[in-house]
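Asker: Here it is: the structure, laid out below.
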Amino acid sequence: MSNLNINIDGIDDLNSKVDKLTLLIQNLNKPPEYVILDNKGLLDYLKISLTTAQKLRNEGKLAYSKDGVTSKIWYRLSDVLAYLDSCYNKRFK
């Protein structure tokens with residue numbers, strides 16, 4: 001009988017990735033106004049820093065919701081897409 005070595009950290013990492021993929025698949029079928037991103041989700045989606053996200057909120061460029069109890073910040077994907085549309089520059093002819 002051989003010894004079976006299980007790396008717990010590897011399993012936790014795999015579970016985390018499966019959870020993220022599950023969430024992504026669930027969100028594929030929802031319209032953008034029903035897809036909600038937390039702060040980390042926004043940072044990952046736009047590939048921006050926490051400071052940049054704060055600046056966008058403070059300047060009123062990106063709509064958000066803030067939980068009064070936990071102070072957690074949430075964004076609608078439709079608002080993020082509207083912000084991206086406002087930054088769009090057409091190509092030159």
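Scheme for the structure tokens: letters A, B, ... for chains in order shown; per-chain residue numbers from 1; ligand numbers from 1 in order shown.
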Region 19-93 of chain A: which residues are helix (DSSP H, G or I) by DSSP, as JSON, numbers by chain?

Answerer: {"A": [19, 20, 21, 22, 23, 24, 25, 26, 27, 28, 32, 33, 34, 39, 40, 41, 42, 43, 44, 45, 46, 50, 51, 52, 53, 54, 55, 56, 57, 58, 77, 78, 79, 80, 81, 82, 83, 84, 85, 86]}

Asker: Extract, using only C-alpha atoms, all DNA, RNA and protein residues at most 9 Å from region 58-70 of chain A, discarding same-chain residues fewer than 3 positions from it, and format them as a list in words.

Answerer: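 The residues that qualify are Ala53, Gln54, Lys55, Ile73, Trp74, Tyr75, Arg76, Asp79, Val80, Ala82, Tyr83 and Ser86 of chain A.
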
Asker: With a distance cut-off of 10 Å and only C-alpha atoms, select the neighbouring residues of region 43-47 of chain A, excluding the residue or stretch itself and same-chain residues fewer than 4 positions from it, and output the selection as a PDB file with C-alpha atoms, in the first residue's frame.

Answerer:
```
ATOM      1  CA  LEU A  37     -18.811  43.390  -7.994  1.00  0.00           C
ATOM      2  CA  ASP A  38     -17.162  44.025  -4.663  1.00  0.00           C
ATOM      3  CA  ASN A  39     -14.099  46.257  -4.436  1.00  0.00           C
ATOM      4  CA  THR A  51      -6.202  54.204  -4.862  1.00  0.00           C
ATOM      5  CA  THR A  52      -7.489  54.564  -8.427  1.00  0.00           C
ATOM      6  CA  ALA A  53     -10.843  53.051  -7.461  1.00  0.00           C
ATOM      7  CA  LEU A  77     -21.363  45.880 -13.713  1.00  0.00           C
ATOM      8  CA  VAL A  80     -18.659  49.981 -14.590  1.00  0.00           C
ATOM      9  CA  LEU A  84     -15.796  52.582 -19.586  1.00  0.00           C
TER      10      LEU A  84
END
```

Asker: Taking the chain letters and numbering used in this document, name the residues of chain A that DSSP puts in strand (DSSP E), as a count of residues only.

Answerer: 9

Asker: As an exercise, work out the distance from CA of Lys72 (chain A) to CA of Lys40 (chain A) in Å and give it to one decimal place.

Answerer: 10.6 Å

Asker: Using only C-alpha atoms, which residue out of A:Ser71, A:Lys90, A:Asn15, A:Leu23 lies closest to Gly41 (chain A)?

Answerer: A:Leu23

Asker: Between A:Asp85, A:Ser49, A:Arg57, A:Ser78, which is the closest to Lys30 (chain A) once you count only C-alpha atoms?

Answerer: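 Smallest distance to Lys30 (chain A) is found for A:Ser78.
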